[in-house]
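Everything below belongs to protein33.cif, which stores mmCIF, C-alpha atoms and all ligand atoms.
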data_target
loop_
_atom_site.label_atom_id
_atom_site.label_comp_id
_atom_site.auth_asym_id
_atom_site.auth_seq_id
_atom_site.Cartn_x
_atom_site.Cartn_y
_atom_site.Cartn_z
CA MET X 1 76.38 150.93 103.32
CA SER X 2 75.28 151.43 106.92
CA THR X 3 77.70 150.87 109.79
CA PHE X 4 77.67 151.14 113.56
CA ALA X 5 78.08 154.92 113.17
CA SER X 6 74.40 155.20 112.19
CA VAL X 7 73.38 153.50 115.47
CA PHE X 8 75.92 155.35 117.57
CA GLU X 9 74.85 158.81 116.44
CA LYS X 10 71.39 158.27 117.96
CA TYR X 11 72.91 158.25 121.44
CA ASN X 12 74.25 161.03 123.57
CA TRP X 13 77.06 160.41 126.08
CA ASP X 14 75.64 162.63 128.85
CA GLU X 15 72.15 161.20 128.55
CA VAL X 16 73.43 157.63 128.80
CA GLN X 17 75.59 158.58 131.77
CA ASN X 18 72.60 160.17 133.53
CA LEU X 19 70.50 157.07 132.98
CA ILE X 20 73.21 154.87 134.47
CA TYR X 21 73.79 157.03 137.53
CA ASN X 22 70.07 157.54 138.19
CA THR X 23 69.18 153.85 138.12
CA THR X 24 67.17 152.73 141.16
CA SER X 25 67.34 149.51 143.18
CA LYS X 26 63.89 148.62 141.94
CA GLU X 27 65.08 148.75 138.34
CA VAL X 28 68.05 146.52 139.22
CA GLU X 29 65.76 143.97 140.87
CA SER X 30 63.43 143.94 137.90
CA ALA X 31 66.37 143.48 135.47
CA LEU X 32 67.76 140.64 137.58
CA ALA X 33 64.37 138.90 137.58
CA LYS X 34 64.15 138.76 133.78
CA THR X 35 65.04 135.49 132.05
CA LYS X 36 66.27 137.22 128.89
CA LYS X 37 68.08 140.51 129.40
CA ASN X 38 68.37 143.31 126.87
CA LEU X 39 70.79 146.20 126.50
CA ASN X 40 68.73 148.35 128.80
CA ASP X 41 69.11 145.70 131.49
CA PHE X 42 72.87 145.77 130.88
CA LEU X 43 72.81 149.52 131.50
CA VAL X 44 70.97 148.95 134.77
CA LEU X 45 73.37 146.19 135.85
CA ILE X 46 76.48 148.36 135.45
CA SER X 47 74.97 151.17 137.55
CA PRO X 48 76.18 152.13 141.04
CA ALA X 49 72.76 150.97 142.27
CA ALA X 50 73.55 147.40 141.17
CA GLN X 51 76.66 147.17 143.35
CA GLN X 52 74.68 145.97 146.35
CA TYR X 53 73.48 142.98 144.24
CA LEU X 54 76.98 141.90 143.33
CA GLU X 55 76.88 138.61 145.20
CA GLN X 56 73.67 137.60 143.43
CA MET X 57 75.05 138.76 140.07
CA ALA X 58 78.22 136.71 140.61
CA GLN X 59 76.24 133.56 141.37
CA MET X 60 74.02 134.01 138.33
CA SER X 61 77.05 134.72 136.18
CA HIS X 62 78.74 131.54 137.40
CA GLN X 63 75.67 129.42 136.54
CA LEU X 64 75.19 130.92 133.09
CA THR X 65 78.85 130.57 132.17
CA LYS X 66 78.92 126.96 133.34
CA LYS X 67 75.79 126.15 131.34
CA ARG X 68 77.07 127.68 128.09
CA PHE X 69 80.84 127.05 128.26
CA GLY X 70 81.25 124.22 130.77
CA LYS X 71 84.02 124.42 133.33
CA THR X 72 86.74 125.41 130.91
CA ILE X 73 89.18 128.29 130.46
CA GLN X 74 90.97 128.83 127.16
CA MET X 75 94.65 129.68 127.43
CA TYR X 76 96.45 132.05 125.07
CA ALA X 77 99.60 134.13 124.93
CA PRO X 78 100.25 137.43 123.20
CA MET X 79 103.28 137.60 120.90
CA TYR X 80 104.47 141.15 120.23
CA LEU X 81 105.90 141.30 116.72
CA SER X 82 106.85 144.97 116.67
CA ASN X 83 106.94 148.12 118.79
CA GLU X 84 107.26 150.46 115.81
CA CYS X 85 104.41 152.95 115.86
CA GLN X 86 103.57 156.16 114.04
CA ASN X 87 100.87 157.26 116.45
CA ILE X 88 100.94 159.29 119.59
CA CYS X 89 98.74 157.69 122.22
CA THR X 90 99.32 159.35 125.56
CA TYR X 91 98.84 156.11 127.54
CA CYS X 92 101.15 153.78 125.64
CA GLY X 93 104.84 152.92 125.97
CA PHE X 94 105.15 152.48 122.17
CA SER X 95 103.94 156.03 121.42
CA LEU X 96 105.92 157.75 118.64
CA ASP X 97 107.14 160.49 120.97
CA ASN X 98 108.59 157.94 123.38
CA LYS X 99 112.31 157.62 122.65
CA ILE X 100 112.72 153.87 122.84
CA LYS X 101 114.62 151.41 120.71
CA ARG X 102 112.26 150.20 117.99
CA LYS X 103 112.20 146.59 116.94
CA THR X 104 110.32 144.40 114.50
CA LEU X 105 110.92 140.68 114.68
CA THR X 106 112.60 138.95 111.75
CA ASP X 107 111.60 135.45 110.58
CA LYS X 108 114.38 133.94 112.65
CA GLU X 109 113.34 135.88 115.76
CA ILE X 110 109.70 134.86 115.28
CA GLU X 111 110.87 131.26 115.16
CA LEU X 112 112.68 131.65 118.49
CA GLU X 113 109.65 133.26 120.14
CA VAL X 114 107.36 130.54 118.80
CA ALA X 115 109.64 127.84 120.18
CA GLU X 116 109.45 129.43 123.64
CA LEU X 117 105.65 129.63 123.55
CA LYS X 118 105.34 126.05 122.35
CA LYS X 119 107.61 124.96 125.21
CA ALA X 120 105.17 126.64 127.60
CA GLY X 121 102.34 124.62 126.05
CA PHE X 122 100.47 127.27 124.04
CA ASP X 123 98.45 126.41 120.97
CA HIS X 124 96.68 129.76 120.74
CA VAL X 125 98.68 132.90 119.99
CA LEU X 126 97.64 136.54 119.74
CA LEU X 127 99.89 138.55 117.40
CA VAL X 128 100.27 142.18 118.49
CA THR X 129 101.90 145.19 116.84
CA GLY X 130 101.85 148.98 116.97
CA GLU X 131 100.88 150.92 113.87
CA ALA X 132 103.74 151.29 111.41
CA ASN X 133 102.06 151.02 108.05
CA TYR X 134 105.18 151.09 105.85
CA THR X 135 107.08 148.34 107.60
CA VAL X 136 104.57 146.35 109.64
CA ASN X 137 101.69 146.05 107.22
CA ILE X 138 99.48 143.39 105.66
CA ASN X 139 102.42 141.83 103.81
CA TYR X 140 104.33 141.45 107.06
CA PHE X 141 101.28 139.97 108.81
CA LEU X 142 100.57 137.49 106.03
CA LYS X 143 104.17 136.35 106.03
CA ALA X 144 104.18 135.95 109.82
CA VAL X 145 100.89 134.01 109.80
CA GLU X 146 102.15 131.76 107.01
CA GLN X 147 105.31 131.08 109.00
CA ILE X 148 103.62 130.18 112.29
CA LYS X 149 100.38 128.55 111.24
CA LYS X 150 101.84 125.06 111.45
CA ASP X 151 102.65 125.72 115.11
CA PHE X 152 99.32 127.04 116.40
CA ALA X 153 95.76 125.78 116.15
CA ASN X 154 94.41 129.26 116.73
CA ILE X 155 95.87 132.59 115.60
CA SER X 156 94.38 135.91 116.69
CA VAL X 157 95.64 139.37 115.76
CA GLU X 158 95.54 142.77 117.41
CA VAL X 159 97.07 145.16 114.90
CA GLN X 160 96.24 148.55 113.39
CA PRO X 161 92.85 148.90 111.68
CA ILE X 162 93.12 147.86 108.03
CA SER X 163 90.77 147.65 105.05
CA GLN X 164 88.06 145.04 104.54
CA GLU X 165 90.08 143.47 101.70
CA GLU X 166 93.09 143.15 103.98
CA TYR X 167 90.96 141.52 106.69
CA GLU X 168 89.74 139.10 104.01
CA GLN X 169 93.36 138.26 103.25
CA LEU X 170 94.02 137.60 106.94
CA HIS X 171 90.94 135.39 107.06
CA ASP X 172 92.11 133.41 104.02
CA ALA X 173 95.55 133.07 105.57
CA GLY X 174 94.01 131.34 108.61
CA VAL X 175 93.51 134.11 111.17
CA HIS X 176 90.68 133.12 113.46
CA THR X 177 90.08 136.24 115.58
CA VAL X 178 90.66 139.96 115.20
CA LEU X 179 90.65 142.26 118.23
CA VAL X 180 90.19 146.01 118.02
CA TYR X 181 89.53 148.32 120.94
CA GLN X 182 87.87 151.69 120.59
CA GLU X 183 89.82 152.78 123.73
CA THR X 184 87.04 155.27 124.56
CA TYR X 185 83.73 156.02 122.87
CA HIS X 186 83.83 159.61 124.14
CA ARG X 187 84.65 161.48 120.94
CA GLU X 188 86.22 164.61 122.46
CA VAL X 189 88.21 162.73 125.06
CA TYR X 190 89.39 160.28 122.37
CA LYS X 191 90.93 163.22 120.53
CA GLN X 192 92.92 164.27 123.60
CA TYR X 193 94.39 160.80 124.11
CA HIS X 194 95.17 160.36 120.40
CA PRO X 195 96.54 163.70 119.24
CA LYS X 196 98.60 162.48 116.30
CA GLY X 197 98.73 159.73 113.71
CA LYS X 198 96.16 157.63 111.89
CA LYS X 199 94.63 156.49 115.15
CA SER X 200 93.41 160.02 115.81
CA ASN X 201 90.71 159.35 113.20
CA TYR X 202 87.89 158.37 115.56
CA ASP X 203 85.39 157.43 112.85
CA PHE X 204 87.79 155.15 110.99
CA ARG X 205 88.40 153.25 114.19
CA LEU X 206 84.70 153.15 115.12
CA GLU X 207 83.88 151.50 111.80
CA THR X 208 86.71 148.96 111.95
CA PRO X 209 84.61 146.13 113.45
CA ASP X 210 82.19 146.55 110.54
CA ARG X 211 85.03 145.92 108.11
CA ILE X 212 86.12 142.90 110.14
CA GLY X 213 82.54 141.58 110.16
CA LYS X 214 82.13 142.09 106.42
CA ALA X 215 85.37 140.19 105.85
CA GLY X 216 83.82 137.15 107.55
CA ILE X 217 86.34 136.82 110.39
CA HIS X 218 85.29 134.00 112.77
CA LYS X 219 85.56 135.95 115.99
CA ILE X 220 85.64 139.68 116.72
CA GLY X 221 86.93 141.04 120.00
CA LEU X 222 86.05 144.45 121.39
CA GLY X 223 86.92 146.44 124.49
CA VAL X 224 87.62 149.86 125.92
CA LEU X 225 90.75 150.96 127.71
CA LEU X 226 89.39 151.22 131.23
CA GLY X 227 90.74 154.31 132.95
CA LEU X 228 90.47 156.80 130.10
CA GLU X 229 86.84 157.76 130.77
CA ASP X 230 83.95 156.82 133.02
CA TRP X 231 84.01 153.01 132.73
CA ARG X 232 80.26 152.63 133.08
CA THR X 233 79.33 154.88 130.20
CA ASP X 234 82.14 153.61 128.00
CA SER X 235 81.09 150.02 128.68
CA PHE X 236 77.50 150.76 127.73
CA PHE X 237 78.69 151.98 124.33
CA ASN X 238 80.94 148.95 123.97
CA ALA X 239 77.93 146.70 124.63
CA LEU X 240 75.85 148.73 122.17
CA HIS X 241 78.57 148.10 119.60
CA LEU X 242 78.62 144.36 120.33
CA ASP X 243 74.84 144.23 120.15
CA TYR X 244 74.83 145.86 116.72
CA LEU X 245 77.62 143.61 115.42
CA GLN X 246 75.98 140.42 116.65
CA LYS X 247 72.77 141.31 114.88
CA THR X 248 74.51 142.41 111.69
CA TYR X 249 77.37 139.89 111.35
CA TRP X 250 75.62 137.03 113.09
CA ARG X 251 77.88 134.34 111.71
CA SER X 252 80.83 135.65 113.75
CA LYS X 253 81.43 134.99 117.44
CA TYR X 254 82.25 137.81 119.83
CA SER X 255 84.51 138.41 122.78
CA VAL X 256 85.11 141.26 125.17
CA SER X 257 88.29 142.18 127.03
CA PHE X 258 88.87 144.56 129.91
CA PRO X 259 92.26 146.22 129.65
CA ARG X 260 92.71 148.48 132.65
CA LEU X 261 95.24 151.24 132.14
CA ARG X 262 98.59 150.01 133.41
CA PRO X 263 101.91 151.76 134.01
CA ALA X 264 104.30 152.08 131.08
CA GLU X 265 107.33 154.21 130.20
CA GLY X 266 106.37 157.88 129.80
CA ILE X 267 102.60 157.53 130.10
CA ILE X 268 99.80 159.31 131.90
CA GLU X 269 97.99 158.23 135.05
CA PRO X 270 94.44 156.85 134.67
CA ASN X 271 91.82 159.57 134.67
CA PHE X 272 89.22 157.29 136.20
CA ILE X 273 90.01 154.60 138.70
CA MET X 274 88.28 151.28 138.30
CA GLU X 275 88.39 149.14 141.43
CA ASP X 276 88.45 145.32 141.37
CA ARG X 277 84.87 145.35 142.61
CA ASP X 278 83.83 147.47 139.62
CA LEU X 279 85.51 145.11 137.19
CA LEU X 280 83.75 142.16 138.81
CA GLN X 281 80.42 143.95 138.40
CA LEU X 282 81.16 144.69 134.76
CA ILE X 283 82.09 141.07 133.98
CA CYS X 284 78.90 139.81 135.65
CA ALA X 285 76.77 142.39 133.80
CA TYR X 286 78.19 141.26 130.45
CA ARG X 287 77.51 137.63 131.25
CA LEU X 288 73.97 138.22 132.52
CA TRP X 289 73.17 140.26 129.42
CA ASN X 290 74.87 138.01 126.87
CA GLU X 291 75.22 134.28 127.49
CA ASP X 292 77.25 133.61 124.34
CA LEU X 293 79.84 136.31 124.79
CA GLU X 294 83.40 135.12 125.37
CA ILE X 295 85.05 137.01 128.20
CA SER X 296 88.80 137.40 128.36
CA ILE X 297 91.10 138.44 131.19
CA SER X 298 94.72 139.38 130.59
CA THR X 299 97.79 139.44 132.82
CA ARG X 300 97.23 143.16 133.38
CA GLU X 301 95.10 142.03 136.31
CA ASN X 302 96.57 140.97 139.63
CA GLU X 303 96.95 137.38 140.77
CA LYS X 304 94.19 137.46 143.38
CA PHE X 305 91.63 138.95 141.03
CA ARG X 306 92.49 136.48 138.27
CA ASP X 307 92.27 133.49 140.58
CA ASN X 308 88.91 134.57 141.96
CA ILE X 309 87.32 135.43 138.63
CA ILE X 310 87.89 131.94 137.14
CA PRO X 311 84.53 130.48 138.23
CA ILE X 312 82.55 133.69 137.79
CA GLY X 313 82.34 134.39 134.11
CA VAL X 314 85.60 134.46 132.17
CA THR X 315 86.20 132.05 129.32
CA SER X 316 89.78 132.83 128.35
CA MET X 317 92.99 133.95 130.03
CA SER X 318 96.44 134.89 128.89
CA ALA X 319 99.36 133.65 130.95
CA GLY X 320 103.06 134.28 131.33
CA SER X 321 102.68 137.23 128.95
CA LYS X 322 105.43 139.49 127.63
CA THR X 323 104.38 142.81 126.12
CA ASN X 324 107.63 143.62 124.33
CA PRO X 325 108.75 142.33 120.92
CA GLY X 326 111.04 139.39 121.45
CA GLY X 327 110.07 139.31 125.14
CA TYR X 328 109.99 135.51 125.44
CA ALA X 329 113.39 134.63 123.99
CA VAL X 330 114.97 137.21 121.69
CA ASP X 331 115.23 140.43 123.67
CA VAL X 332 113.75 139.89 127.09
CA GLU X 333 114.87 143.29 128.37
CA SER X 334 113.33 145.46 125.61
CA LEU X 335 110.76 148.03 126.64
CA GLU X 336 107.25 146.76 127.35
CA GLN X 337 104.05 148.33 126.06
CA PHE X 338 102.78 148.22 129.63
CA GLU X 339 103.67 146.34 132.80
CA THR X 340 101.89 143.07 133.43
CA SER X 341 100.64 142.36 136.92
CA ASP X 342 100.33 138.59 137.03
CA GLU X 343 103.77 137.25 136.17
CA ARG X 344 103.15 133.59 136.92
CA SER X 345 104.00 131.06 134.25
CA ALA X 346 101.44 129.38 132.01
CA PHE X 347 102.06 126.15 133.89
CA GLU X 348 101.25 127.79 137.24
CA ILE X 349 98.06 129.37 135.87
CA ALA X 350 96.94 126.05 134.40
CA LYS X 351 97.48 124.46 137.81
CA ILE X 352 95.32 127.07 139.53
CA ILE X 353 92.57 126.62 136.95
CA THR X 354 92.63 122.88 137.62
CA GLN X 355 92.59 123.41 141.39
CA LYS X 356 89.40 125.43 140.96
CA GLY X 357 87.79 122.44 139.27
CA TYR X 358 88.13 123.91 135.78
CA GLU X 359 89.94 122.58 132.75
CA PRO X 360 92.59 124.70 131.01
CA ILE X 361 92.04 124.42 127.24
CA TRP X 362 95.11 124.93 125.11
CA LYS X 363 93.25 124.48 121.87
CA ASP X 364 89.54 124.50 121.07
CA TRP X 365 89.73 124.75 117.36
CA ASP X 366 91.17 122.45 114.76
CA ARG X 367 92.29 123.93 111.51
CA SER X 368 90.53 121.15 109.62
CA TYR X 369 87.17 122.55 110.82
CA MET X 370 87.91 125.83 109.12
CA LEU X 371 87.94 124.33 105.63
S1 LIG K 1 98.29 152.16 121.62
FE1 LIG K 1 98.83 151.19 119.71
S2 LIG K 1 98.70 152.80 118.20
FE2 LIG K 1 98.83 153.82 120.21
S3 LIG K 1 101.00 154.22 120.53
FE3 LIG K 1 100.51 152.25 121.45
S4 LIG K 1 101.02 150.76 119.89
FE4 LIG K 1 100.83 152.74 118.88
#

Structure translated into structure tokens:
Amino acid sequence: MSTFASVFEKYNWDEVQNLIYNTTSKEVESALAKTKKNLNDFLVLISPAAQQYLEQMAQMSHQLTKKRFGKTIQMYAPMYLSNECQNICTYCGFSLDNKIKRKTLTDKEIELEVAELKKAGFDHVLLVTGEANYTVNINYFLKAVEQIKKDFANISVEVQPISQEEYEQLHDAGVHTVLVYQETYHREVYKQYHPKGKKSNYDFRLETPDRIGKAGIHKIGLGVLLGLEDWRTDSFFNALHLDYLQKTYWRSKYSVSFPRLRPAEGIIEPNFIMEDRDLLQLICAYRLWNEDLEISISTRENEKFRDNIIPIGVTSMSAGSKTNPGGYAVDVESLEQFETSDERSAFEIAKIITQKGYEPIWKDWDRSYML
């Protein structure tokens, strides 16, 4: 059965990169003038040549987002269930070669974390783990989802790639969204950042969204880890991937996230720096290309950027996030996967959203609609 790999192999990294960096102002103007933009227009809009049109792109992005999503921002919080991991990823605090205390939450500990998130007002939770297939596997996920589904209207997961059958089980259990990031689409560079463990299998990861789509998951979230490779070229491939998925698994909704490489215990420095201005351009380019795409911003970003991006194109934001298992109530001092930048509480973020004339949405999905 065909997968994204058959589309991907038709492209060459260097050729795409050349196209992006050789884009002219005239091409940007012509892309901006189009009512319906295609992937080629996206490529043009993420080019260095498009930077001088940023103001115009931001205004267009604001209008399109308002038209499609209204003046709303969905609120969610990540809940780290485990920092056990059998992979070596050179940019991550949970990497196997990092000598940290490992922890996987028990039922009781999950209950305590849930209580803390509910106190903060959350109705949408994102469950996150490393990749420890013997201990933190589908059985553990199903049990956790079963335990917490009475507490949350919306459950998303960001865990190791699993089989289509296992994604089907998650779907049946009530999981609404699955996120999986390719980290980088550059095959050789991917190998350097993922020298050991199951994650070093580039192709298995590349085909994961196909398995999620085939399993009928409601929403699929993609992204690249910005900082590993040239963000422009990587983002083109991420958009190519989204484009393929939307056409193939058209019943699912799609979201994109923009994790920028952040400091963590024992990790490398970013290879490529992405400035705030670049991230703004990328968000606008996604919106101008794809009106239906949900766009998510995490607490990796700084307060000023997050405040300013609210009216420009994002549709969901995390708040008050902890990136360590038990970080909300059980073991607040345990080692984080990476440092967050915006440490304001969910309440404070909701207040800022309201001050900007937007409505913070704690829940947009009722379980009864999923039947
Ligand atoms: S990025 Fe994920 S798979 Fe890699 S070390 Fe960190 S937790 Fe493990």

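When only C-alpha atoms are used to measure the gap to Met79 (chain X), the shortest distance among X:Thr106, X:Ser163, X:Asn324, X:Asn133 belongs to X:Asn324.
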
Self-check item: region 20-24 of chain X environment, 8 Å, only C-alpha atoms, sequence neighbours closer than 6 positions dropped, as a PyMOL selection string
Solution: chain X and resi 43-44+46-49+232-233

Would you output that residue set with C-alpha atoms, as a PDB file, keeping the file's coordinate frame?
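Dumped everything to part-v9.pdb:
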ATOM      1  CA  LEU X  43      72.810 149.520 131.500  1.00  0.00           C
ATOM      2  CA  VAL X  44      70.970 148.950 134.770  1.00  0.00           C
ATOM      3  CA  ILE X  46      76.480 148.360 135.450  1.00  0.00           C
ATOM      4  CA  SER X  47      74.970 151.170 137.550  1.00  0.00           C
ATOM      5  CA  PRO X  48      76.180 152.130 141.040  1.00  0.00           C
ATOM      6  CA  ALA X  49      72.760 150.970 142.270  1.00  0.00           C
ATOM      7  CA  ARG X 232      80.260 152.630 133.080  1.00  0.00           C
ATOM      8  CA  THR X 233      79.330 154.880 130.200  1.00  0.00           C
TER       9      THR X 233
END

Quiz item: So which one's closest to ligand LIG 1 (chain K), X:Tyr190, X:Phe42, X:Trp289, X:Phe141? Using only C-alpha atoms and all ligand atoms, please.
Solution: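 Nearest to ligand LIG 1 (chain K): X:Tyr190.
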
Quiz prompt | Shortest interatomic distance to Lys322 (chain X) - which of X:Leu282, X:Leu240, X:Ala50, X:Val128, counting only C-alpha atoms | solution =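 Selected residue with least distance to Lys322 (chain X): X:Val128.
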
Self-check item: Å distance separating CA of Leu105 (chain X) from CA of Leu81 (chain X), one decimal place
Solution: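 Interatomic distance, CA of Leu105 (chain X) to CA of Leu81 (chain X): 5.5 Å.
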
Quiz prompt | Expected answer as a PyMOL selection string: residues within 8 Å of ligand LIG 1 (chain K), all atoms listed in the file | solution = chain X and resi 83-96+129-131+159-160+194+199+337

If we count all atoms listed in the file and set the cut-off at 9 Å, which residues sit around Asp107 (chain X), ignoring sequence neighbours fewer than 2 positions away in its own chain? Please answer as a CSV table (one decimal) with C-alpha atoms, in the frame of the given file.
chain,number,residue,atom,x,y,z
X,105,LEU,CA,110.9,140.7,114.7
X,109,GLU,CA,113.3,135.9,115.8
X,110,ILE,CA,109.7,134.9,115.3
X,111,GLU,CA,110.9,131.3,115.2
X,112,LEU,CA,112.7,131.6,118.5
X,143,LYS,CA,104.2,136.4,106.0
X,144,ALA,CA,104.2,136.0,109.8
X,147,GLN,CA,105.3,131.1,109.0

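CA of Phe305 (chain X) is found 22.7 Å from CA of Ala239 (chain X).
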
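Atom to atom, CA of Gln169 (chain X) and CA of Val157 (chain X) stand 12.8 Å apart.
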
Quiz item: With all atoms listed in the file as the basis for distance, which of X:Thr354, X:Asn139, X:Ser235, X:Ser298 is at the shortest distance from Val16 (chain X)?
Solution: X:Ser235

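When all atoms listed in the file are used to compute distances to Gln51 (chain X), the closest of the residues X:Val332, X:Ala285, X:Leu226, X:Ala346 turns out to be X:Ala285.
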
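Around Arg205 (chain X), within 10 Å and counting only C-alpha atoms, the residues found are Gln160, Pro161, Ile162, Val180, Tyr181, Gln182, Glu183, Lys198, Lys199, Ser200, Asn201, Pro209 and Asp210 of chain X, once anything fewer than 4 positions away on its own chain is removed.
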
Exercise. Anything within 12 Å of (100.0, 136.7, 118.6): list those residues as a PyMOL selection string, counting only C-alpha atoms and sticking to the file's coordinates.
Key: chain X and resi 76-82+110+113-114+117+122-129+141+144-145+148-149+151-159+175-179+318+321-326

Practice problem: Point out the residue among X:Met60, X:Lys99, X:Gln281, X:Gly223 with the least atom-to-atom distance to Lys34 (chain X), counting all atoms listed in the file. | Solution: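 Once distances to Lys34 (chain X) are computed over all atoms listed in the file, the minimum belongs to X:Met60.
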
For region 252-314 of chain X against region 241-246 of chain X, with a cut-off of 8 Å and counting all atoms listed in the file, what is the closest atom pair and its distance in Å to one decimal for every residue that makes the cut, ordered by chain and number, as JSON lines?
{"residue": "X:Ser252", "atom": "CA", "partner": "X:Gln246", "partner_atom": "CA", "distance": 7.4}
{"residue": "X:Lys253", "atom": "CA", "partner": "X:Gln246", "partner_atom": "CA", "distance": 7.7}
{"residue": "X:Tyr254", "atom": "CA", "partner": "X:Gln246", "partner_atom": "CA", "distance": 7.5}

Self-check item: For region 307-309 of chain X: contacts at 10 Å, all atoms listed in the file, fewer than 4 positions along chain excluded, given as a ChimeraX atom specification
Solution: /X:58,62,279-280,283-284,297,301-303,313-315,349,352-353,356
